[in-house]
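What's in upload_5.txt: compact mmCIF, C-alpha atoms and all ligand atoms
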# COMPACT_ATOMS: atom_id res chain seq x y z
CA MET A 1 92.38 69.35 103.26
CA ASP A 2 90.28 66.50 101.85
CA LYS A 3 92.46 63.74 100.35
CA THR A 4 89.83 60.97 100.17
CA ASN A 5 90.06 60.34 96.44
CA SER A 6 93.87 60.42 96.41
CA LEU A 7 93.96 57.90 99.25
CA LYS A 8 91.56 55.62 97.36
CA SER A 9 93.61 55.87 94.18
CA PHE A 10 96.86 55.15 96.00
CA LYS A 11 95.36 52.03 97.53
CA ARG A 12 94.10 50.90 94.13
CA ALA A 13 97.41 51.71 92.42
CA GLN A 14 99.39 49.48 94.75
CA SER A 15 97.69 46.33 93.47
CA HIS A 16 99.24 46.53 90.03
CA ILE A 17 102.01 49.14 90.18
CA PRO A 18 105.09 48.52 92.39
CA GLY A 19 104.73 50.89 95.33
CA GLY A 20 101.73 52.47 93.59
CA VAL A 21 103.83 54.85 91.50
CA ASN A 22 105.83 54.83 88.27
CA SER A 23 108.81 56.72 89.71
CA PRO A 24 109.90 56.15 93.33
CA VAL A 25 110.05 59.69 94.78
CA ARG A 26 106.40 60.25 93.85
CA ALA A 27 105.38 57.82 96.60
CA PHE A 28 106.08 60.39 99.39
CA LYS A 29 107.94 57.66 101.31
CA ALA A 30 110.65 60.06 102.42
CA VAL A 31 108.25 62.64 103.83
CA GLY A 32 105.49 60.48 105.27
CA GLY A 33 101.92 60.49 104.02
CA GLU A 34 100.42 59.37 100.74
CA PRO A 35 100.91 60.80 97.28
CA ILE A 36 98.43 63.26 95.84
CA PHE A 37 96.90 62.19 92.53
CA MET A 38 96.62 65.00 90.01
CA GLN A 39 93.87 65.78 87.57
CA SER A 40 94.84 68.93 85.70
CA ALA A 41 97.21 71.88 85.76
CA LYS A 42 97.24 75.41 84.40
CA GLY A 43 99.83 78.16 84.80
CA ALA A 44 101.35 78.06 88.27
CA TYR A 45 98.74 75.68 89.70
CA MET A 46 98.05 71.93 89.81
CA HIS A 47 94.62 70.54 90.72
CA ASP A 48 94.19 67.16 92.42
CA ILE A 49 91.36 64.63 92.15
CA ASP A 50 89.82 65.89 95.41
CA GLY A 51 89.43 69.44 94.12
CA ASN A 52 92.43 70.93 95.97
CA LYS A 53 94.82 73.27 94.20
CA TYR A 54 98.54 73.74 94.72
CA ILE A 55 101.18 76.22 93.61
CA ASP A 56 103.64 73.99 91.78
CA LEU A 57 107.30 74.27 92.76
CA ILE A 58 108.35 71.05 91.02
CA ASN A 59 107.02 71.75 87.54
CA SER A 60 107.16 68.11 86.45
CA TRP A 61 110.71 67.94 87.87
CA GLY A 62 111.90 70.77 85.67
CA PRO A 63 110.43 70.97 82.19
CA MET A 64 107.47 73.28 82.80
CA ILE A 65 109.66 76.41 82.71
CA LEU A 66 106.71 78.36 81.29
CA GLY A 67 104.21 76.85 83.72
CA HIS A 68 101.45 74.43 82.79
CA GLY A 69 99.20 74.57 79.75
CA LYS A 70 101.18 77.11 77.71
CA VAL A 71 98.93 77.76 74.72
CA GLN A 72 101.74 77.74 72.12
CA ILE A 73 102.86 74.27 73.23
CA GLU A 74 99.36 72.84 73.40
CA ARG A 75 98.55 74.10 69.89
CA ALA A 76 101.76 72.67 68.46
CA VAL A 77 101.01 69.27 69.99
CA ILE A 78 97.44 69.22 68.67
CA GLU A 79 98.64 70.07 65.15
CA ALA A 80 101.29 67.33 65.31
CA VAL A 81 98.84 64.72 66.60
CA LYS A 82 96.57 65.39 63.62
CA LYS A 83 99.42 64.47 61.24
CA SER A 84 100.73 61.33 62.98
CA LEU A 85 101.55 59.98 66.43
CA SER A 86 104.67 58.29 65.09
CA PHE A 87 106.24 57.70 61.68
CA GLY A 88 109.40 55.78 62.59
CA ALA A 89 110.96 57.65 59.67
CA PRO A 90 112.86 60.97 59.53
CA THR A 91 110.93 64.25 59.69
CA ASN A 92 111.81 67.90 59.14
CA ALA A 93 110.82 68.61 62.75
CA GLU A 94 113.88 66.62 63.88
CA ILE A 95 116.17 68.77 61.73
CA GLU A 96 114.52 71.92 63.06
CA MET A 97 115.04 70.66 66.61
CA ALA A 98 118.71 69.83 66.00
CA GLU A 99 119.29 73.24 64.37
CA LEU A 100 117.57 75.12 67.17
CA ILE A 101 119.47 73.24 69.91
CA ALA A 102 122.77 73.91 68.12
CA HIS A 103 121.84 77.58 67.73
CA MET A 104 120.86 78.04 71.37
CA MET A 105 123.65 75.90 72.87
CA PRO A 106 126.69 76.43 70.64
CA SER A 107 128.83 73.69 72.25
CA ILE A 108 126.44 71.28 70.53
CA GLU A 109 127.47 70.86 66.91
CA LYS A 110 125.60 67.63 66.40
CA VAL A 111 122.82 66.10 68.48
CA ARG A 112 120.99 62.76 68.69
CA MET A 113 117.44 62.61 70.06
CA VAL A 114 116.47 59.88 72.54
CA ASN A 115 113.45 59.35 74.78
CA SER A 116 114.62 60.20 78.31
CA GLY A 117 117.43 61.73 80.31
CA THR A 118 118.52 58.24 81.34
CA GLU A 119 118.95 57.20 77.72
CA ALA A 120 120.88 60.39 77.02
CA THR A 121 123.41 59.86 79.81
CA MET A 122 123.80 56.11 79.11
CA SER A 123 124.47 56.87 75.45
CA ALA A 124 126.83 59.75 76.22
CA ILE A 125 129.14 57.64 78.39
CA ARG A 126 129.13 54.83 75.84
CA LEU A 127 130.18 57.40 73.30
CA GLY A 128 132.84 58.83 75.62
CA ARG A 129 134.22 55.32 76.06
CA GLY A 130 134.08 54.56 72.35
CA PHE A 131 135.81 57.82 71.50
CA THR A 132 138.64 57.53 74.03
CA LYS A 133 138.90 53.72 73.97
CA ARG A 134 138.98 53.82 77.77
CA ASP A 135 136.59 52.17 80.26
CA LYS A 136 136.28 54.17 83.46
CA ILE A 137 134.09 57.17 84.19
CA ILE A 138 134.09 59.62 87.07
CA LYS A 139 130.83 60.77 88.60
CA PHE A 140 130.14 62.81 91.70
CA GLU A 141 128.49 61.77 94.96
CA GLY A 142 124.89 62.96 95.06
CA CYS A 143 124.70 63.68 91.33
CA TYR A 144 121.95 61.75 89.56
CA HIS A 145 122.13 60.86 85.90
CA GLY A 146 119.10 58.61 85.57
CA HIS A 147 118.87 54.93 86.39
CA GLY A 148 121.49 53.44 84.06
CA ASP A 149 123.61 50.82 85.87
CA SER A 150 126.80 52.88 85.67
CA PHE A 151 125.18 55.79 87.49
CA LEU A 152 123.49 54.01 90.38
CA ILE A 153 126.58 54.40 92.46
CA ALA A 154 126.46 57.09 95.16
CA ALA A 155 123.49 58.49 93.22
CA GLY A 156 121.33 61.39 94.39
CA SER A 157 117.63 62.06 93.74
CA GLY A 158 115.24 59.13 94.28
CA ALA A 159 118.10 56.70 94.82
CA ALA A 160 119.35 58.73 97.78
CA THR A 161 115.80 59.41 98.94
CA MET A 162 115.02 55.68 99.02
CA GLY A 163 118.31 54.97 100.81
CA GLU A 164 119.65 53.04 97.83
CA PRO A 165 122.41 55.19 96.33
CA ASP A 166 124.04 51.91 95.27
CA SER A 167 121.27 49.76 93.83
CA PRO A 168 121.09 45.96 94.08
CA GLY A 169 121.19 44.56 90.56
CA VAL A 170 124.17 46.62 89.44
CA THR A 171 126.98 44.14 88.87
CA LYS A 172 130.38 44.51 90.50
CA GLY A 173 131.83 44.49 86.99
CA THR A 174 129.85 47.59 86.04
CA ALA A 175 130.41 49.32 89.38
CA LYS A 176 134.20 48.98 89.15
CA ASP A 177 134.26 51.25 86.11
CA THR A 178 132.47 54.10 87.88
CA ILE A 179 134.65 56.10 90.24
CA THR A 180 132.80 58.49 92.54
CA VAL A 181 134.29 61.57 94.15
CA PRO A 182 132.80 64.39 96.24
CA TYR A 183 131.20 67.27 94.32
CA ASN A 184 132.99 70.63 94.32
CA ASP A 185 136.38 69.13 95.27
CA LEU A 186 138.70 69.72 92.35
CA GLU A 187 141.80 68.32 94.02
CA LYS A 188 140.12 64.97 94.62
CA VAL A 189 139.16 64.59 90.94
CA ARG A 190 142.69 65.47 89.87
CA GLU A 191 144.07 62.81 92.23
CA VAL A 192 141.73 60.17 90.79
CA VAL A 193 142.59 61.07 87.20
CA MET A 194 146.32 60.86 88.01
CA GLU A 195 145.92 57.56 89.86
CA ASN A 196 144.23 56.04 86.78
CA PRO A 197 146.46 57.14 83.91
CA ASP A 198 144.92 56.68 80.45
CA GLN A 199 141.88 54.94 81.94
CA ILE A 200 139.32 57.70 82.45
CA ALA A 201 137.03 58.02 79.45
CA ALA A 202 134.70 60.68 80.78
CA ILE A 203 133.81 62.91 83.68
CA ILE A 204 130.07 63.42 83.97
CA LEU A 205 128.41 65.91 86.28
CA GLU A 206 125.45 68.15 86.86
CA PRO A 207 127.07 71.57 86.35
CA ILE A 208 124.60 72.76 88.99
CA ALA A 209 123.61 69.82 91.15
CA GLY A 210 119.86 69.53 91.59
CA ASN A 211 119.61 65.96 92.80
CA MET A 212 121.05 66.46 96.28
CA GLY A 213 118.96 69.60 96.60
CA CYS A 214 120.25 72.66 94.79
CA VAL A 215 124.06 72.81 95.06
CA PRO A 216 125.79 75.26 92.72
CA PRO A 217 129.43 74.75 91.67
CA VAL A 218 131.98 76.68 93.71
CA SER A 219 133.94 79.36 91.91
CA GLY A 220 136.44 77.91 89.42
CA TYR A 221 135.21 74.32 89.78
CA LEU A 222 133.77 73.83 86.29
CA GLN A 223 136.69 75.66 84.71
CA GLY A 224 139.08 73.44 86.69
CA LEU A 225 137.36 70.31 85.41
CA ARG A 226 137.62 71.64 81.86
CA THR A 227 141.37 72.18 82.24
CA LEU A 228 141.84 68.75 83.80
CA CYS A 229 139.94 67.02 80.98
CA ASP A 230 142.00 68.88 78.36
CA GLU A 231 145.23 67.86 80.08
CA TYR A 232 144.36 64.16 80.26
CA GLY A 233 142.23 63.66 77.14
CA VAL A 234 139.06 62.99 79.15
CA VAL A 235 135.62 63.73 77.65
CA LEU A 236 133.81 66.31 79.80
CA ILE A 237 130.06 65.67 79.92
CA PHE A 238 127.68 68.22 81.41
CA ASP A 239 124.39 66.61 82.34
CA GLU A 240 122.06 69.53 81.70
CA VAL A 241 118.85 67.51 81.93
CA MET A 242 117.69 69.96 84.62
CA THR A 243 119.68 73.07 83.78
CA GLY A 244 119.72 73.16 79.96
CA PHE A 245 117.55 76.03 78.68
CA ARG A 246 116.44 76.69 82.28
CA ILE A 247 119.40 78.45 83.85
CA SER A 248 120.00 80.50 80.72
CA LYS A 249 119.28 80.18 77.02
CA ALA A 250 122.30 77.86 76.77
CA GLY A 251 122.06 76.35 80.23
CA ALA A 252 124.65 76.19 83.00
CA GLN A 253 127.49 76.06 80.46
CA GLN A 254 126.67 79.59 79.34
CA TYR A 255 125.92 80.79 82.87
CA TYR A 256 129.40 79.75 84.05
CA GLY A 257 131.19 80.19 80.72
CA VAL A 258 132.57 76.64 80.47
CA LYS A 259 132.22 74.52 77.34
CA PRO A 260 131.78 70.76 77.77
CA ASP A 261 132.63 68.21 75.05
CA LEU A 262 129.22 66.58 75.33
CA THR A 263 125.94 67.68 76.88
CA THR A 264 123.00 65.53 77.91
CA LEU A 265 119.51 66.98 77.75
CA GLY A 266 116.14 65.62 78.79
CA LYS A 267 112.65 66.52 79.86
CA ILE A 268 113.02 70.25 79.18
CA ILE A 269 113.44 69.82 75.42
CA GLY A 270 110.15 67.92 75.35
CA GLY A 271 108.23 70.71 77.05
CA GLY A 272 106.57 67.99 79.17
CA MET A 273 106.68 65.13 76.65
CA PRO A 274 109.15 62.23 77.18
CA VAL A 275 112.34 63.27 75.39
CA GLY A 276 116.10 63.30 75.82
CA ALA A 277 119.13 64.12 73.69
CA TYR A 278 122.89 64.08 73.75
CA GLY A 279 125.15 66.20 71.64
CA GLY A 280 128.39 68.11 71.43
CA ARG A 281 131.62 68.19 69.43
CA ALA A 282 131.06 66.99 65.86
CA ASP A 283 134.21 64.83 65.89
CA ILE A 284 132.87 62.92 68.90
CA MET A 285 129.24 62.78 67.72
CA ASP A 286 130.33 61.45 64.33
CA MET A 287 131.36 58.27 66.17
CA VAL A 288 127.62 57.54 66.71
CA SER A 289 125.93 54.97 64.50
CA PRO A 290 125.23 55.10 61.53
CA SER A 291 128.06 57.59 60.84
CA GLY A 292 130.36 55.78 63.30
CA PRO A 293 130.70 52.49 65.18
CA VAL A 294 129.17 53.43 68.58
CA TYR A 295 125.73 51.87 68.43
CA GLN A 296 122.66 53.66 69.74
CA ALA A 297 119.08 53.60 68.42
CA GLY A 298 115.43 54.19 69.34
CA THR A 299 112.10 53.27 67.73
CA LEU A 300 110.36 56.38 69.00
CA SER A 301 113.40 58.72 69.01
CA GLY A 302 112.51 62.08 67.47
CA ASN A 303 108.81 61.31 67.90
CA PRO A 304 106.84 63.98 66.01
CA VAL A 305 104.53 64.91 68.90
CA ALA A 306 107.42 65.23 71.32
CA MET A 307 109.37 67.28 68.76
CA ALA A 308 106.42 69.62 68.29
CA ALA A 309 106.09 70.23 72.03
CA GLY A 310 109.82 70.71 72.52
CA LEU A 311 110.21 72.96 69.51
CA ALA A 312 107.35 75.21 70.62
CA MET A 313 108.94 75.54 74.05
CA LEU A 314 112.51 76.15 72.83
CA LYS A 315 111.34 78.65 70.20
CA TYR A 316 109.51 80.57 72.89
CA LEU A 317 112.60 80.62 75.11
CA ASN A 318 114.85 81.58 72.19
CA GLU A 319 112.62 84.51 71.25
CA ASN A 320 111.88 85.70 74.79
CA THR A 321 115.22 85.62 76.56
CA GLU A 322 114.06 88.31 79.02
CA ILE A 323 112.26 85.41 80.68
CA TYR A 324 115.54 84.35 82.31
CA THR A 325 115.91 87.67 84.12
CA ARG A 326 112.30 87.42 85.23
CA LEU A 327 112.74 83.84 86.49
CA GLU A 328 115.88 84.77 88.37
CA THR A 329 114.31 87.89 89.90
CA MET A 330 111.21 86.00 91.03
CA THR A 331 113.31 83.17 92.49
CA GLU A 332 115.51 85.66 94.32
CA TYR A 333 112.36 87.33 95.70
CA ILE A 334 111.11 83.99 97.05
CA VAL A 335 114.54 83.00 98.37
CA GLN A 336 115.02 86.33 100.16
CA GLY A 337 111.53 85.95 101.65
CA ILE A 338 112.36 82.47 102.97
CA LYS A 339 115.72 83.63 104.32
CA LEU A 340 113.95 86.44 106.16
CA ASN A 341 111.41 83.96 107.59
CA VAL A 342 114.23 81.79 108.90
CA LEU A 343 115.86 84.84 110.47
CA LYS A 344 112.61 86.17 111.98
CA LEU A 345 112.00 82.79 113.63
CA GLY A 346 115.50 82.74 115.10
CA LEU A 347 116.42 79.68 113.02
CA LYS A 348 119.65 79.03 111.17
CA TYR A 349 118.84 77.10 108.03
CA THR A 350 120.68 77.23 104.74
CA VAL A 351 119.09 78.31 101.47
CA ASN A 352 120.93 77.59 98.20
CA SER A 353 119.82 79.06 94.91
CA VAL A 354 120.88 79.79 91.36
CA GLY A 355 118.75 80.99 88.46
CA SER A 356 115.27 79.51 88.97
CA MET A 357 116.42 76.62 91.20
CA PHE A 358 116.51 76.70 95.01
CA SER A 359 116.53 74.51 98.13
CA LEU A 360 116.04 75.00 101.84
CA PHE A 361 118.29 72.72 103.91
CA PHE A 362 117.57 72.12 107.59
CA THR A 363 121.15 72.65 108.67
CA ASP A 364 123.07 75.74 109.68
CA GLU A 365 126.14 74.60 107.75
CA LYS A 366 126.99 75.54 104.19
CA VAL A 367 125.91 72.91 101.65
CA ILE A 368 128.44 72.47 98.85
CA ASP A 369 128.39 68.68 98.46
CA PHE A 370 126.37 65.56 99.25
CA GLU A 371 127.93 65.19 102.72
CA GLY A 372 126.71 68.70 103.48
CA ALA A 373 123.24 67.99 102.06
CA LYS A 374 123.01 64.88 104.23
CA LYS A 375 123.43 67.06 107.34
CA SER A 376 119.96 68.47 106.69
CA ASP A 377 117.44 67.21 109.27
CA LEU A 378 115.23 64.96 107.15
CA ASN A 379 112.62 64.67 109.86
CA MET A 380 112.20 68.45 109.82
CA PHE A 381 112.09 68.39 106.04
CA GLY A 382 109.26 65.84 106.11
CA LYS A 383 107.27 67.99 108.53
CA TYR A 384 107.92 71.12 106.50
CA PHE A 385 106.92 69.37 103.28
CA ASN A 386 103.59 68.24 104.73
CA ALA A 387 102.88 71.61 106.35
CA MET A 388 103.49 73.34 102.98
CA LEU A 389 101.36 70.78 101.15
CA ASN A 390 98.45 71.42 103.49
CA LYS A 391 98.80 75.12 102.72
CA GLY A 392 98.59 74.45 99.00
CA ILE A 393 102.29 74.57 98.11
CA TYR A 394 103.55 71.51 96.24
CA LEU A 395 107.25 70.92 96.97
CA ALA A 396 109.41 68.02 95.79
CA PRO A 397 108.77 65.20 98.29
CA SER A 398 112.45 64.79 99.08
CA GLN A 399 115.22 66.94 100.52
CA TYR A 400 117.45 65.64 97.74
CA GLU A 401 115.61 67.46 94.96
CA THR A 402 115.86 71.07 93.91
CA LEU A 403 112.73 73.21 93.59
CA PHE A 404 111.95 74.95 90.30
CA VAL A 405 110.22 78.27 89.72
CA SER A 406 108.21 78.69 86.51
CA SER A 407 107.49 81.91 84.68
CA ALA A 408 103.81 81.43 85.58
CA ILE A 409 104.64 82.28 89.19
CA ASP A 410 103.86 85.92 89.84
CA GLU A 411 104.25 88.10 92.91
CA ILE A 412 100.87 86.88 94.16
CA GLU A 413 102.07 83.25 94.20
CA ALA A 414 105.52 84.25 95.46
CA ASP A 415 103.96 86.02 98.46
CA LEU A 416 101.73 83.01 99.14
CA ILE A 417 104.82 80.75 99.08
CA ILE A 418 106.74 83.04 101.45
CA GLN A 419 103.80 83.30 103.88
CA ALA A 420 103.17 79.52 103.78
CA SER A 421 106.85 78.96 104.41
CA TYR A 422 106.78 81.28 107.46
CA ASP A 423 103.68 79.59 108.88
CA SER A 424 105.06 76.10 108.20
CA LEU A 425 108.45 76.82 109.77
CA LYS A 426 106.68 78.26 112.81
CA GLU A 427 104.31 75.29 113.04
CA ILE A 428 106.97 72.57 112.91
N1 LIG B 501 120.06 63.61 84.64
C1 LIG B 501 119.60 64.49 85.53
C2 LIG B 501 120.46 65.63 85.96
C3 LIG B 501 118.30 64.35 86.03
O1 LIG B 501 117.85 65.22 86.92
C4 LIG B 501 117.51 63.27 85.60
C5 LIG B 501 116.16 63.08 86.12
O2 LIG B 501 115.69 63.74 86.98
C6 LIG B 501 118.05 62.38 84.66
C7 LIG B 501 119.32 62.57 84.20
C8 LIG B 501 117.23 61.23 84.17
O3 LIG B 501 116.21 61.68 83.35
P1 LIG B 501 114.92 60.74 83.11
O4 LIG B 501 114.19 60.71 84.39
O5 LIG B 501 114.21 61.46 82.01
O6 LIG B 501 115.42 59.42 82.69
What does the file become when written as structure tokens?
Ligand code: PLP
Amino acid sequence: MDKTNSLKSFKRAQSHIPGGVNSPVRAFKAVGGEPIFMQSAKGAYMHDIDGNKYIDLINSWGPMILGHGKVQIERAVIEAVKKSLSFGAPTNAEIEMAELIAHMMPSIEKVRMVNSGTEATMSAIRLGRGFTKRDKIIKFEGCYHGHGDSFLIAAGSGAATMGEPDSPGVTKGTAKDTITVPYNDLEKVREVVMENPDQIAAIILEPIAGNMGCVPPVSGYLQGLRTLCDEYGVVLIFDEVMTGFRISKAGAQQYYGVKPDLTTLGKIIGGGMPVGAYGGRADIMDMVSPSGPVYQAGTLSGNPVAMAAGLAMLKYLNENTEIYTRLETMTEYIVQGIKLNVLKLGLKYTVNSVGSMFSLFFTDEKVIDFEGAKKSDLNMFGKYFNAMLNKGIYLAPSQYETLFVSSAIDEIEADLIIQASYDSLKEI
């Protein structure tokens, strides 16, 4: 595979961009090799600047549920651009977006738009603190909630990939208010809540973890957290930046039947444009400025182009809910294919999946938390990643990231993925 142009671009990028990339995992540091620079994408495929094409299993880290270049989204964006790139004043599109989110995800009575998932989670914990008048939050090892200071403690995703789950630059003062506990261990959370009476403002988690690889909640876990939060007056925040509108029409909360107090949303509701949002119970959301005292603002929040893209995407999902069955069936087909490959080759690796998210871990043990995910052989993952890349399958360049299937992936692509996976596993 010719990578000449990508190599040239990466060299050039490093002169004026730290590490040559604008988000760390993109640098391929964890898997060896240099990043591929992209030129265009359509449907299930991305095309790089050397003319190679790849079946995309990252989908811009989640939002391209419908694949790339969906006509309805493109048209909506073009129409919006013609009217204005940004007003900095309210628009009807923002109301439409809020109404549609509240309709699709009924736990959200009121919602505030922001510009990224990081902003959404930062704002949600500030709100949780303002509402409860308490300082501490609980997060889970290996969960990633963006790069806000309070979350860069035992964080997954790029932070774990770069070996910096606790980032320099986060003050001890901030860190002391974030308590981390293992994912999927209800007893441990209960202990922490009881050891810190009247101090825990919020519990924030990915209801399906995607940032330590795909790790679904064990049976009863989310329900148990709900009960615990009710008992101790703690605000339960589901970070559905990855799972909202992907796992089901109303995200993981509908899939598992558990209602959080607040939900954070991100990239998905922008259909590929930079967007985030947080929302939930009206009595909590009414604490947000200007209706309440908890300050939060944004010059470009509710940007009309981003709203147009997100609305087109959410409307499509709302009107075509059969897509979720299709996504799940296709993912299951791929997952079963990979499991069979592993078996045929006499290997014993673990495959986790739920909805249209899945991960292959290079360990024979069950993976239900970050400790389990860390047992995966990262050297093998790096080799597998590169073998797949050379066969035209674009995986997330880190073990600590889930893969995403889009509705543009058909049986043809699924079979290519399964075959490439077999050949790659054999090769490495
Ligand atoms: N929360 C979760 C669950 C995420 O996966 C991410 C990003 O991947 C974020 C928050 C942060 O979102 P952003 O990168 O848009 O700031």
Protein and nucleic residues near ligand LIG 501 (chain B), 9 Å, all atoms listed in the file, as JSON, numbers by chain: {"A": [23, 61, 62, 115, 116, 117, 118, 119, 120, 121, 143, 144, 145, 146, 147, 148, 157, 158, 205, 206, 207, 208, 209, 210, 211, 238, 239, 240, 241, 242, 243, 264, 265, 266, 267, 274, 275, 276, 401]}
Atom CA of A:Val215 to atom CA of A:Ser376, straight-line distance in Å: 13.1 Å
Would you give the centre and edge lengths, in Å to one decimal, of a box along x, y and z around the listed atoms of stretch 9-17 of chain A, with 6 Å added to each side, as AutoDock Vina command-line options?
--center_x 97.8 --center_y 51.1 --center_z 93.8 --size_x 20.4 --size_y 21.5 --size_z 19.5
Pick from A:Phe37, A:Phe87, A:Phe131, A:Tyr324, whichever lies nearest to A:Ser407 using all atoms listed in the file: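 Answer, going by the shortest atom-to-atom distance: A:Tyr324.
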Atomic separation - atom CA of A:Leu127 relative to atom CA of A:Gly280, Å: 11.0 Å
Among the residues A:Ala102, A:Leu66, A:Leu57, A:Ile368, the one that comes closest to A:Leu403 [using all atoms listed in the file]: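 Comparing A:Ala102, A:Leu66, A:Leu57, A:Ile368 against A:Leu403, the winner is A:Leu57.
Closest approach to A:Arg246 among A:Ala408, A:Leu425, A:Ile65, A:Leu360 is made by A:Ile65 (distances from only C-alpha atoms).
In this model, the gap between atom CA of A:Arg26 and atom CA of A:Glu141 comes to 22.2 Å.
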Nearest to A:Met1, chosen from A:Ser356, A:Asn386, A:Gln39, A:Thr171, with all atoms listed in the file counted in the distances: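 Selected residue with least distance to A:Met1: A:Asn386.
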